[in-house]
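Visitor: Contents are PDB, C-alpha atoms, pLDDT in the B column; file name query14.pdb:
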```
ATOM      1  CA  MET A   1     143.262 178.706  81.993  1.00 49.00           C
ATOM      2  CA  ASP A   2     139.998 180.155  83.189  1.00 53.00           C
ATOM      3  CA  ASN A   3     138.371 176.703  82.874  1.00 55.00           C
ATOM      4  CA  TYR A   4     141.039 174.950  84.997  1.00 54.00           C
ATOM      5  CA  TYR A   5     139.728 173.385  88.151  1.00 52.00           C
ATOM      6  CA  PRO A   6     141.956 171.393  90.447  1.00 57.00           C
ATOM      7  CA  MET A   7     140.846 167.781  90.720  1.00 55.00           C
ATOM      8  CA  PRO A   8     139.687 166.512  94.099  1.00 55.00           C
ATOM      9  CA  PRO A   9     142.405 164.716  96.071  1.00 55.00           C
ATOM     10  CA  GLN A  10     140.568 161.361  95.946  1.00 53.00           C
ATOM     11  CA  GLN A  11     140.995 161.262  92.160  1.00 53.00           C
ATOM     12  CA  TYR A  12     144.743 161.283  92.643  1.00 50.00           C
ATOM     13  CA  TYR A  13     145.054 159.033  95.660  1.00 51.00           C
ATOM     14  CA  GLY A  14     141.855 156.983  95.581  1.00 53.00           C
ATOM     15  CA  GLU A  15     139.041 156.884  98.101  1.00 53.00           C
ATOM     16  CA  PRO A  16     140.129 157.422 101.718  1.00 52.00           C
ATOM     17  CA  LYS A  17     140.096 154.249 103.831  1.00 54.00           C
ATOM     18  CA  LYS A  18     137.309 153.916 106.318  1.00 53.00           C
ATOM     19  CA  LYS A  19     138.426 153.682 109.911  1.00 53.00           C
ATOM     20  CA  LYS A  20     137.467 150.520 111.754  1.00 55.00           C
ATOM     21  CA  SER A  21     134.893 151.015 114.427  1.00 60.00           C
ATOM     22  CA  LYS A  22     135.684 150.397 118.077  1.00 61.00           C
ATOM     23  CA  ILE A  23     133.268 147.469 118.093  1.00 65.00           C
ATOM     24  CA  HIS A  24     135.168 145.880 115.210  1.00 68.00           C
ATOM     25  CA  ASN A  25     138.486 146.381 117.009  1.00 72.00           C
ATOM     26  CA  HIS A  26     137.101 144.877 120.193  1.00 79.00           C
ATOM     27  CA  PHE A  27     135.745 141.928 118.218  1.00 83.00           C
ATOM     28  CA  GLU A  28     139.154 141.234 116.660  1.00 86.00           C
ATOM     29  CA  LEU A  29     140.794 141.455 120.081  1.00 88.00           C
ATOM     30  CA  LEU A  30     138.231 139.033 121.512  1.00 90.00           C
ATOM     31  CA  VAL A  31     138.888 136.574 118.685  1.00 89.00           C
ATOM     32  CA  VAL A  32     142.645 136.768 119.314  1.00 91.00           C
ATOM     33  CA  ILE A  33     142.124 136.153 123.039  1.00 93.00           C
ATOM     34  CA  MET A  34     139.873 133.168 122.341  1.00 93.00           C
ATOM     35  CA  LEU A  35     142.394 131.791 119.861  1.00 93.00           C
ATOM     36  CA  GLY A  36     145.161 131.896 122.463  1.00 93.00           C
ATOM     37  CA  LEU A  37     142.999 130.442 125.216  1.00 95.00           C
ATOM     38  CA  THR A  38     141.724 127.652 122.985  1.00 95.00           C
ATOM     39  CA  ALA A  39     145.250 126.791 121.871  1.00 94.00           C
ATOM     40  CA  LEU A  40     146.390 126.532 125.509  1.00 95.00           C
ATOM     41  CA  LEU A  41     143.447 124.346 126.512  1.00 95.00           C
ATOM     42  CA  THR A  42     143.947 122.135 123.449  1.00 95.00           C
ATOM     43  CA  ALA A  43     147.546 121.540 124.490  1.00 94.00           C
ATOM     44  CA  TRP A  44     146.416 120.892 128.086  1.00 94.00           C
ATOM     45  CA  ALA A  45     143.774 118.335 127.051  1.00 95.00           C
ATOM     46  CA  SER A  46     146.226 116.553 124.759  1.00 94.00           C
ATOM     47  CA  TRP A  47     148.855 116.401 127.512  1.00 93.00           C
ATOM     48  CA  ILE A  48     146.494 115.111 130.203  1.00 94.00           C
ATOM     49  CA  GLY A  49     145.073 112.568 127.756  1.00 94.00           C
ATOM     50  CA  SER A  50     148.571 111.290 126.994  1.00 94.00           C
ATOM     51  CA  LEU A  51     149.277 110.960 130.743  1.00 93.00           C
ATOM     52  CA  HIS A  52     146.112 108.890 131.130  1.00 94.00           C
ATOM     53  CA  GLY A  53     147.274 106.752 128.222  1.00 93.00           C
ATOM     54  CA  GLY A  54     150.641 106.214 129.909  1.00 92.00           C
ATOM     55  CA  ASN A  55     148.907 105.198 133.146  1.00 93.00           C
ATOM     56  CA  GLN A  56     146.712 102.813 131.179  1.00 94.00           C
ATOM     57  CA  THR A  57     149.760 101.063 129.713  1.00 94.00           C
ATOM     58  CA  ALA A  58     151.475 100.887 133.108  1.00 94.00           C
ATOM     59  CA  ASN A  59     148.378  99.506 134.852  1.00 94.00           C
ATOM     60  CA  PHE A  60     147.813  96.896 132.136  1.00 94.00           C
ATOM     61  CA  ALA A  61     151.409  95.743 132.535  1.00 96.00           C
ATOM     62  CA  LEU A  62     151.036  95.673 136.329  1.00 95.00           C
ATOM     63  CA  SER A  63     147.807  93.677 136.056  1.00 95.00           C
ATOM     64  CA  ASN A  64     149.441  91.097 133.779  1.00 96.00           C
ATOM     65  CA  ASN A  65     152.453  90.759 136.085  1.00 96.00           C
ATOM     66  CA  LEU A  66     150.303  90.380 139.188  1.00 95.00           C
ATOM     67  CA  THR A  67     148.077  87.828 137.459  1.00 95.00           C
ATOM     68  CA  ALA A  68     151.076  85.751 136.425  1.00 95.00           C
ATOM     69  CA  GLU A  69     152.567  85.992 139.929  1.00 95.00           C
ATOM     70  CA  GLY A  70     149.202  85.107 141.493  1.00 94.00           C
ATOM     71  CA  ASN A  71     148.859  82.037 139.270  1.00 94.00           C
ATOM     72  CA  ALA A  72     152.346  80.912 140.255  1.00 95.00           C
ATOM     73  CA  GLU A  73     151.529  81.406 143.948  1.00 94.00           C
ATOM     74  CA  TYR A  74     148.281  79.484 143.516  1.00 94.00           C
ATOM     75  CA  SER A  75     150.141  76.552 141.931  1.00 95.00           C
ATOM     76  CA  MET A  76     152.641  76.526 144.780  1.00 95.00           C
ATOM     77  CA  GLY A  77     149.860  76.657 147.346  1.00 94.00           C
ATOM     78  CA  LEU A  78     148.035  73.805 145.624  1.00 94.00           C
ATOM     79  CA  GLN A  79     151.170  71.675 145.631  1.00 94.00           C
ATOM     80  CA  LEU A  80     151.713  72.380 149.336  1.00 94.00           C
ATOM     81  CA  MET A  81     148.088  71.540 150.070  1.00 94.00           C
ATOM     82  CA  MET A  82     148.369  68.210 148.216  1.00 94.00           C
ATOM     83  CA  SER A  83     151.563  67.429 150.138  1.00 92.00           C
ATOM     84  CA  ASP A  84     149.842  68.189 153.456  1.00 92.00           C
ATOM     85  CA  MET A  85     146.873  66.036 152.447  1.00 92.00           C
ATOM     86  CA  VAL A  86     149.180  63.089 151.858  1.00 92.00           C
ATOM     87  CA  LEU A  87     150.854  63.763 155.187  1.00 91.00           C
ATOM     88  CA  HIS A  88     147.496  64.010 156.937  1.00 90.00           C
ATOM     89  CA  ASP A  89     146.358  60.714 155.402  1.00 90.00           C
ATOM     90  CA  ARG A  90     149.513  59.079 156.749  1.00 90.00           C
ATOM     91  CA  LEU A  91     148.817  60.469 160.223  1.00 89.00           C
ATOM     92  CA  VAL A  92     145.244  59.185 160.067  1.00 87.00           C
ATOM     93  CA  GLY A  93     146.527  55.745 159.060  1.00 89.00           C
ATOM     94  CA  TYR A  94     149.031  55.650 161.905  1.00 86.00           C
ATOM     95  CA  THR A  95     146.349  56.813 164.334  1.00 86.00           C
ATOM     96  CA  LEU A  96     144.001  54.003 163.295  1.00 88.00           C
ATOM     97  CA  ASP A  97     146.803  51.481 163.555  1.00 87.00           C
ATOM     98  CA  ARG A  98     147.589  52.772 167.022  1.00 86.00           C
ATOM     99  CA  VAL A  99     143.940  52.373 168.079  1.00 85.00           C
ATOM    100  CA  ILE A 100     143.920  48.815 166.754  1.00 87.00           C
ATOM    101  CA  ALA A 101     147.209  48.067 168.550  1.00 84.00           C
ATOM    102  CA  GLY A 102     145.709  49.412 171.774  1.00 85.00           C
ATOM    103  CA  GLU A 103     142.627  47.214 171.377  1.00 83.00           C
ATOM    104  CA  ARG A 104     144.921  44.202 170.868  1.00 82.00           C
ATOM    105  CA  GLU A 105     147.026  45.317 173.823  1.00 81.00           C
ATOM    106  CA  ASP A 106     150.092  45.287 171.620  1.00 82.00           C
ATOM    107  CA  TRP A 107     151.802  47.990 173.603  1.00 83.00           C
ATOM    108  CA  ASP A 108     155.098  47.791 171.751  1.00 82.00           C
ATOM    109  CA  ALA A 109     153.357  48.521 168.454  1.00 83.00           C
ATOM    110  CA  TYR A 110     151.252  51.126 170.214  1.00 80.00           C
ATOM    111  CA  GLU A 111     154.328  52.979 171.524  1.00 86.00           C
ATOM    112  CA  HIS A 112     156.111  52.611 168.185  1.00 86.00           C
ATOM    113  CA  LEU A 113     153.186  54.157 166.273  1.00 83.00           C
ATOM    114  CA  MET A 114     152.875  56.877 168.899  1.00 86.00           C
ATOM    115  CA  LEU A 115     156.532  57.827 168.388  1.00 88.00           C
ATOM    116  CA  ARG A 116     156.021  57.883 164.607  1.00 86.00           C
ATOM    117  CA  ILE A 117     153.056  60.207 164.911  1.00 85.00           C
ATOM    118  CA  GLU A 118     154.905  62.557 167.251  1.00 85.00           C
ATOM    119  CA  LEU A 119     157.982  62.572 165.017  1.00 87.00           C
ATOM    120  CA  ILE A 120     155.958  63.425 161.908  1.00 85.00           C
ATOM    121  CA  ILE A 121     154.086  66.184 163.734  1.00 85.00           C
ATOM    122  CA  PHE A 122     157.331  67.623 165.082  1.00 86.00           C
ATOM    123  CA  GLU A 123     159.318  67.480 161.846  1.00 84.00           C
ATOM    124  CA  ARG A 124     156.840  67.869 159.002  1.00 87.00           C
ATOM    125  CA  VAL A 125     153.530  69.273 160.220  1.00 88.00           C
ATOM    126  CA  SER A 126     153.306  73.069 160.087  1.00 88.00           C
ATOM    127  CA  ASP A 127     151.723  75.018 162.915  1.00 89.00           C
ATOM    128  CA  GLU A 128     148.777  75.951 160.682  1.00 90.00           C
ATOM    129  CA  LEU A 129     148.114  72.313 159.782  1.00 91.00           C
ATOM    130  CA  TYR A 130     148.496  71.226 163.400  1.00 90.00           C
ATOM    131  CA  TYR A 131     145.927  73.743 164.638  1.00 92.00           C
ATOM    132  CA  ALA A 132     143.642  72.808 161.763  1.00 91.00           C
ATOM    133  CA  ILE A 133     143.842  69.133 162.827  1.00 89.00           C
ATOM    134  CA  ILE A 134     142.890  70.117 166.362  1.00 89.00           C
ATOM    135  CA  TRP A 135     140.032  72.234 164.969  1.00 89.00           C
ATOM    136  CA  ALA A 136     138.741  69.293 162.906  1.00 87.00           C
ATOM    137  CA  ASP A 137     138.850  66.997 165.942  1.00 83.00           C
ATOM    138  CA  GLU A 138     136.912  69.553 167.994  1.00 83.00           C
ATOM    139  CA  GLN A 139     134.280  69.893 165.267  1.00 80.00           C
ATOM    140  CA  PHE A 140     133.938  66.129 165.099  1.00 75.00           C
ATOM    141  CA  GLU A 141     133.625  65.784 168.874  1.00 72.00           C
ATOM    142  CA  LEU A 142     130.980  68.513 168.935  1.00 71.00           C
ATOM    143  CA  GLY A 143     129.037  66.610 166.290  1.00 61.00           C
ATOM    144  CA  LEU A 144     128.760  69.587 163.959  1.00 55.00           C
ATOM    145  CA  GLU A 145     127.520  68.790 160.468  1.00 54.00           C
ATOM    146  CA  LEU A 146     129.259  70.824 157.761  1.00 52.00           C
ATOM    147  CA  GLY A 147     127.718  69.024 154.794  1.00 54.00           C
ATOM    148  CA  ALA A 148     130.836  66.873 154.233  1.00 59.00           C
ATOM    149  CA  PRO A 149     133.289  64.813 156.271  1.00 73.00           C
ATOM    150  CA  ILE A 150     135.139  67.210 158.550  1.00 82.00           C
ATOM    151  CA  THR A 151     138.817  67.557 157.630  1.00 86.00           C
ATOM    152  CA  PRO A 152     141.504  70.082 158.554  1.00 90.00           C
ATOM    153  CA  PHE A 153     141.394  71.336 154.965  1.00 90.00           C
ATOM    154  CA  MET A 154     137.972  72.870 155.580  1.00 88.00           C
ATOM    155  CA  ASN A 155     139.560  75.319 158.000  1.00 89.00           C
ATOM    156  CA  GLU A 156     139.641  78.829 156.530  1.00 91.00           C
ATOM    157  CA  ASP A 157     142.837  79.810 158.343  1.00 91.00           C
ATOM    158  CA  LEU A 158     144.647  76.814 156.869  1.00 92.00           C
ATOM    159  CA  LEU A 159     143.314  77.547 153.375  1.00 92.00           C
ATOM    160  CA  ALA A 160     144.543  81.125 153.740  1.00 93.00           C
ATOM    161  CA  THR A 161     148.087  79.846 154.237  1.00 92.00           C
ATOM    162  CA  TYR A 162     147.882  78.048 150.895  1.00 93.00           C
ATOM    163  CA  PHE A 163     146.000  80.547 148.770  1.00 93.00           C
ATOM    164  CA  GLY A 164     145.840  83.781 150.781  1.00 93.00           C
ATOM    165  CA  HIS A 165     148.796  85.438 149.060  1.00 94.00           C
ATOM    166  CA  ALA A 166     147.606  84.280 145.634  1.00 94.00           C
ATOM    167  CA  ASN A 167     144.138  85.687 146.315  1.00 94.00           C
ATOM    168  CA  ARG A 168     145.586  89.035 147.391  1.00 95.00           C
ATOM    169  CA  LEU A 169     147.650  89.205 144.217  1.00 95.00           C
ATOM    170  CA  GLN A 170     144.575  88.439 142.131  1.00 95.00           C
ATOM    171  CA  VAL A 171     142.651  91.218 143.880  1.00 95.00           C
ATOM    172  CA  ARG A 172     145.475  93.651 143.165  1.00 95.00           C
ATOM    173  CA  ALA A 173     145.573  92.482 139.555  1.00 96.00           C
ATOM    174  CA  HIS A 174     141.842  93.094 139.215  1.00 96.00           C
ATOM    175  CA  MET A 175     142.208  96.571 140.733  1.00 95.00           C
ATOM    176  CA  ALA A 176     145.054  97.398 138.338  1.00 95.00           C
ATOM    177  CA  LEU A 177     142.962  96.174 135.405  1.00 95.00           C
ATOM    178  CA  SER A 178     140.024  98.319 136.505  1.00 95.00           C
ATOM    179  CA  ALA A 179     142.355 101.316 136.827  1.00 94.00           C
ATOM    180  CA  ALA A 180     143.728 100.656 133.330  1.00 94.00           C
ATOM    181  CA  GLU A 181     140.225 100.530 131.885  1.00 94.00           C
ATOM    182  CA  SER A 182     139.332 103.751 133.681  1.00 95.00           C
ATOM    183  CA  ASP A 183     142.500 105.445 132.410  1.00 95.00           C
ATOM    184  CA  GLY A 184     141.675 104.316 128.884  1.00 94.00           C
ATOM    185  CA  ALA A 185     138.178 105.777 129.106  1.00 95.00           C
ATOM    186  CA  ASN A 186     139.561 109.057 130.469  1.00 95.00           C
ATOM    187  CA  ALA A 187     142.190 109.218 127.719  1.00 95.00           C
ATOM    188  CA  ASP A 188     139.428 108.796 125.110  1.00 95.00           C
ATOM    189  CA  ALA A 189     137.366 111.507 126.818  1.00 96.00           C
ATOM    190  CA  TYR A 190     140.280 113.952 126.744  1.00 96.00           C
ATOM    191  CA  GLY A 191     140.781 113.053 123.096  1.00 95.00           C
ATOM    192  CA  LEU A 192     137.169 114.061 122.421  1.00 95.00           C
ATOM    193  CA  VAL A 193     137.764 117.338 124.265  1.00 96.00           C
ATOM    194  CA  SER A 194     140.789 117.979 122.038  1.00 95.00           C
ATOM    195  CA  VAL A 195     138.603 117.436 118.966  1.00 95.00           C
ATOM    196  CA  PHE A 196     136.090 120.055 120.147  1.00 96.00           C
ATOM    197  CA  TYR A 197     138.896 122.499 120.933  1.00 96.00           C
ATOM    198  CA  THR A 198     140.419 121.911 117.490  1.00 95.00           C
ATOM    199  CA  VAL A 199     137.080 122.709 115.849  1.00 95.00           C
ATOM    200  CA  ALA A 200     136.787 125.860 117.964  1.00 95.00           C
ATOM    201  CA  LEU A 201     140.371 126.820 117.128  1.00 94.00           C
ATOM    202  CA  PHE A 202     139.684 126.506 113.408  1.00 94.00           C
ATOM    203  CA  LEU A 203     136.467 128.524 113.569  1.00 93.00           C
ATOM    204  CA  PHE A 204     138.040 131.295 115.662  1.00 91.00           C
ATOM    205  CA  GLY A 205     140.874 131.426 113.143  1.00 90.00           C
ATOM    206  CA  ILE A 206     138.577 132.063 110.171  1.00 90.00           C
ATOM    207  CA  ALA A 207     136.084 134.350 111.935  1.00 86.00           C
ATOM    208  CA  ASN A 208     137.798 137.576 110.836  1.00 80.00           C
ATOM    209  CA  THR A 209     138.112 136.479 107.211  1.00 83.00           C
ATOM    210  CA  PHE A 210     134.432 137.169 106.532  1.00 79.00           C
ATOM    211  CA  LYS A 211     133.427 140.683 105.516  1.00 81.00           C
ATOM    212  CA  ALA A 212     129.802 140.418 106.541  1.00 82.00           C
ATOM    213  CA  GLU A 213     129.312 141.061 110.235  1.00 83.00           C
ATOM    214  CA  SER A 214     126.508 138.523 110.430  1.00 85.00           C
ATOM    215  CA  LYS A 215     128.743 135.742 109.124  1.00 87.00           C
ATOM    216  CA  LYS A 216     131.485 136.713 111.533  1.00 87.00           C
ATOM    217  CA  LEU A 217     129.102 136.492 114.451  1.00 89.00           C
ATOM    218  CA  VAL A 218     127.690 133.137 113.337  1.00 92.00           C
ATOM    219  CA  VAL A 219     131.184 131.625 113.069  1.00 92.00           C
ATOM    220  CA  PHE A 220     132.283 133.213 116.357  1.00 92.00           C
ATOM    221  CA  PHE A 221     129.304 131.961 118.335  1.00 93.00           C
ATOM    222  CA  THR A 222     129.607 128.490 116.791  1.00 94.00           C
ATOM    223  CA  ALA A 223     133.245 128.386 117.848  1.00 94.00           C
ATOM    224  CA  SER A 224     132.283 129.674 121.304  1.00 93.00           C
ATOM    225  CA  GLY A 225     129.687 126.904 121.614  1.00 95.00           C
ATOM    226  CA  ALA A 226     132.301 124.233 120.832  1.00 95.00           C
ATOM    227  CA  PHE A 227     134.674 125.903 123.305  1.00 96.00           C
ATOM    228  CA  ILE A 228     132.079 125.994 126.095  1.00 95.00           C
ATOM    229  CA  ILE A 229     131.014 122.370 125.532  1.00 95.00           C
ATOM    230  CA  ALA A 230     134.620 121.161 125.614  1.00 95.00           C
ATOM    231  CA  THR A 231     135.497 123.203 128.707  1.00 95.00           C
ATOM    232  CA  PHE A 232     132.381 122.218 130.633  1.00 95.00           C
ATOM    233  CA  TYR A 233     132.925 118.529 129.799  1.00 95.00           C
ATOM    234  CA  MET A 234     136.609 118.664 130.751  1.00 95.00           C
ATOM    235  CA  LEU A 235     135.817 120.130 134.180  1.00 94.00           C
ATOM    236  CA  PHE A 236     134.181 116.846 135.169  1.00 94.00           C
ATOM    237  CA  LEU A 237     137.027 114.628 133.940  1.00 94.00           C
ATOM    238  CA  PRO A 238     139.541 113.381 136.533  1.00 92.00           C
ATOM    239  CA  LEU A 239     143.228 114.125 136.406  1.00 90.00           C
ATOM    240  CA  PRO A 240     145.662 111.194 136.155  1.00 89.00           C
ATOM    241  CA  THR A 241     146.323 109.304 139.385  1.00 84.00           C
ATOM    242  CA  GLY A 242     149.110 110.941 141.348  1.00 78.00           C
ATOM    243  CA  PHE A 243     149.238 113.957 139.034  1.00 76.00           C
ATOM    244  CA  SER A 244     151.187 116.929 140.350  1.00 75.00           C
ATOM    245  CA  PHE A 245     153.109 119.722 138.633  1.00 68.00           C
ATOM    246  CA  PHE A 246     155.887 119.296 141.160  1.00 66.00           C
ATOM    247  CA  ASN A 247     156.602 115.811 139.791  1.00 63.00           C
ATOM    248  CA  PHE A 248     157.839 117.389 136.569  1.00 60.00           C
ATOM    249  CA  PHE A 249     160.227 119.758 138.306  1.00 59.00           C
ATOM    250  CA  GLY A 250     161.676 117.390 140.881  1.00 56.00           C
TER
END
```
Take the structure from the file and write it as structure tokens.

Guide:
Amino acid sequence: MDNYYPMPPQQYYGEPKKKKSKIHNHFELLVVIMLGLTALLTAWASWIGSLHGGNQTANFALSNNLTAEGNAEYSMGLQLMMSDMVLHDRLVGYTLDRVIAGEREDWDAYEHLMLRIELIIFERVSDELYYAIIWADEQFELGLELGAPITPFMNEDLLATYFGHANRLQVRAHMALSAAESDGANADAYGLVSVFYTVALFLFGIANTFKAESKKLVVFFTASGAFIIATFYMLFLPLPTGFSFFNFFG
């Protein structure tokens, strides 16, 4: 009994656990904060990218509809222009016949042709065509050379009545197409941001699994670099057209 010595407590219960340093605790807290922030920004980038994709689809559809409507309006305007050209040719023919009747002093024919011309102008000639005819006569009397025989159908105001609406629709279609292409590019950019955030999220998640402090820091700073690149890039990307939080709670 004299040789009995009580064994140290660690031989019964094992070595006492080392307490984590404050720096280690702060590092774990920082990793948790970065994980949460990265997860939120990943969800944000994915959501905004999907909104851009929805706008892209809507603008493509709008562009196609406006193009089809513009083509239909152009066909209608062309048909109306051809009809007015035929009508104008008839008026020119009657006018020449009236001049010839006047030279022959055939006043009955002269009056008859005059009544025909007035009736056609009253019943079938639009105001735009009538003013274009007057414009063409004035240009002819002034002796202006336009590089081709002067006709009412060289008048820009008259051409606008045929094709003005079609041209405006085509401009709107082109603008919608440009907006769709821009939305597509922005959706792809937000997709790239989501990829960088996903990489950062993965690296932040495994940072605390390494025992060596140096490895932890390497993984953490690599993840932070991906996070900073994604955030800085996203700051310069536009939000979807008409975006507002209030639209989702109306």

Visitor: I'd like the neighbourhood of range 65-82 of chain A as number ranges by chain, where a residue qualifies if any of its atoms comes within 12 Å (using all atoms listed in the file), though same-chain residues fewer than 6 positions away should be ignored.

Guide: A: 58-59, 88-89, 124-126, 128-129, 152-154, 158-177

Visitor: What is the CA of His112 in chain A-CA of Asp97 in chain A distance in Å, reported with one decimal?

Guide: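 Distance reported for this atom pair: 10.5 Å.
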
Visitor: Once the PyMOL selection byres ((chain A and resi 230) around 9) has been applied to the shown file, what residues remain in the selection, as number ranges by chain?

Guide: A: 192-197, 225-229, 231-235

Visitor: I'd like to see the residues matched by the PyMOL selection byres ((chain A and resi 113) around 8) on this file, and ideally I'd get them as a PyMOL selection string.

Guide: chain A and resi 94-95+97-98+109-112+114-117

Visitor: How many Å lie between CA of Gly184 in chain A and CA of Gly49 in chain A, rounded to one decimal?

Guide: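 Taking CA of Gly184 in chain A as the start and CA of Gly49 in chain A as the end point, the length is 9.0 Å.
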
Visitor: Please write the residues picked by the PyMOL selection byres ((chain A and resi 183) around 9) on this file as a tab-separated table (two decimals) with C-alpha atoms, in the coordinates of the input.

Guide:
```tsv
chain	number	residue	atom	x	y	z
A	49	GLY	CA	145.07	112.57	127.76
A	51	LEU	CA	149.28	110.96	130.74
A	52	HIS	CA	146.11	108.89	131.13
A	53	GLY	CA	147.27	106.75	128.22
A	54	GLY	CA	150.64	106.21	129.91
A	55	ASN	CA	148.91	105.20	133.15
A	56	GLN	CA	146.71	102.81	131.18
A	57	THR	CA	149.76	101.06	129.71
A	59	ASN	CA	148.38	99.51	134.85
A	178	SER	CA	140.02	98.32	136.50
A	179	ALA	CA	142.35	101.32	136.83
A	180	ALA	CA	143.73	100.66	133.33
A	181	GLU	CA	140.22	100.53	131.88
A	182	SER	CA	139.33	103.75	133.68
A	184	GLY	CA	141.68	104.32	128.88
A	185	ALA	CA	138.18	105.78	129.11
A	186	ASN	CA	139.56	109.06	130.47
A	187	ALA	CA	142.19	109.22	127.72
A	188	ASP	CA	139.43	108.80	125.11
A	240	PRO	CA	145.66	111.19	136.16
A	241	THR	CA	146.32	109.30	139.38
```

Visitor: Grab the CA of Glu138 in chain A to CA of Val92 in chain A distance for me, in Å with one decimal place.

Guide: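 For CA of Glu138 in chain A relative to CA of Val92 in chain A, the distance reads 15.5 Å.
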
Visitor: Could you make a table, as JSON lines, of the residues of range 182-243 of chain A that have an atom within 7 Å of an atom of range 30-36 of chain A, each with its nearest atom pair and distance in Å to one decimal, counting all atoms listed in the file, in chain and number order?

Guide:
```
{"residue": "A:Leu201", "atom": "CA", "partner": "A:Leu35", "partner_atom": "CA", "distance": 6.0}
{"residue": "A:Phe204", "atom": "CA", "partner": "A:Leu35", "partner_atom": "CA", "distance": 6.1}
{"residue": "A:Gly205", "atom": "CA", "partner": "A:Leu35", "partner_atom": "CA", "distance": 6.9}
```

Visitor: Keeping C-alpha atoms for every residue in the selection just given, could you write it to a file as a PDB file, in the frame of the given file?

Guide:
```pdb
ATOM      1  CA  LEU A 201     140.371 126.820 117.128  1.00 94.00           C
ATOM      2  CA  PHE A 204     138.040 131.295 115.662  1.00 91.00           C
ATOM      3  CA  GLY A 205     140.874 131.426 113.143  1.00 90.00           C
TER       4      GLY A 205
END
```

Visitor: From the set A:Asn64, A:Gly191, A:Pro238, A:Ala101, which residue has the shortest atom-to-atom contact distance to Trp47 in chain A, counting all atoms listed in the file?

Guide: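 Closest to Trp47 in chain A, using all atoms listed in the file: A:Gly191.
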
Visitor: Which residue is closest to Asp157 in chain A? Choose from A:Glu118, A:Glu213, A:Asp84, A:Asp127 and count only C-alpha atoms.

Guide: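 Closest to Asp157 in chain A, using only C-alpha atoms: A:Asp127.
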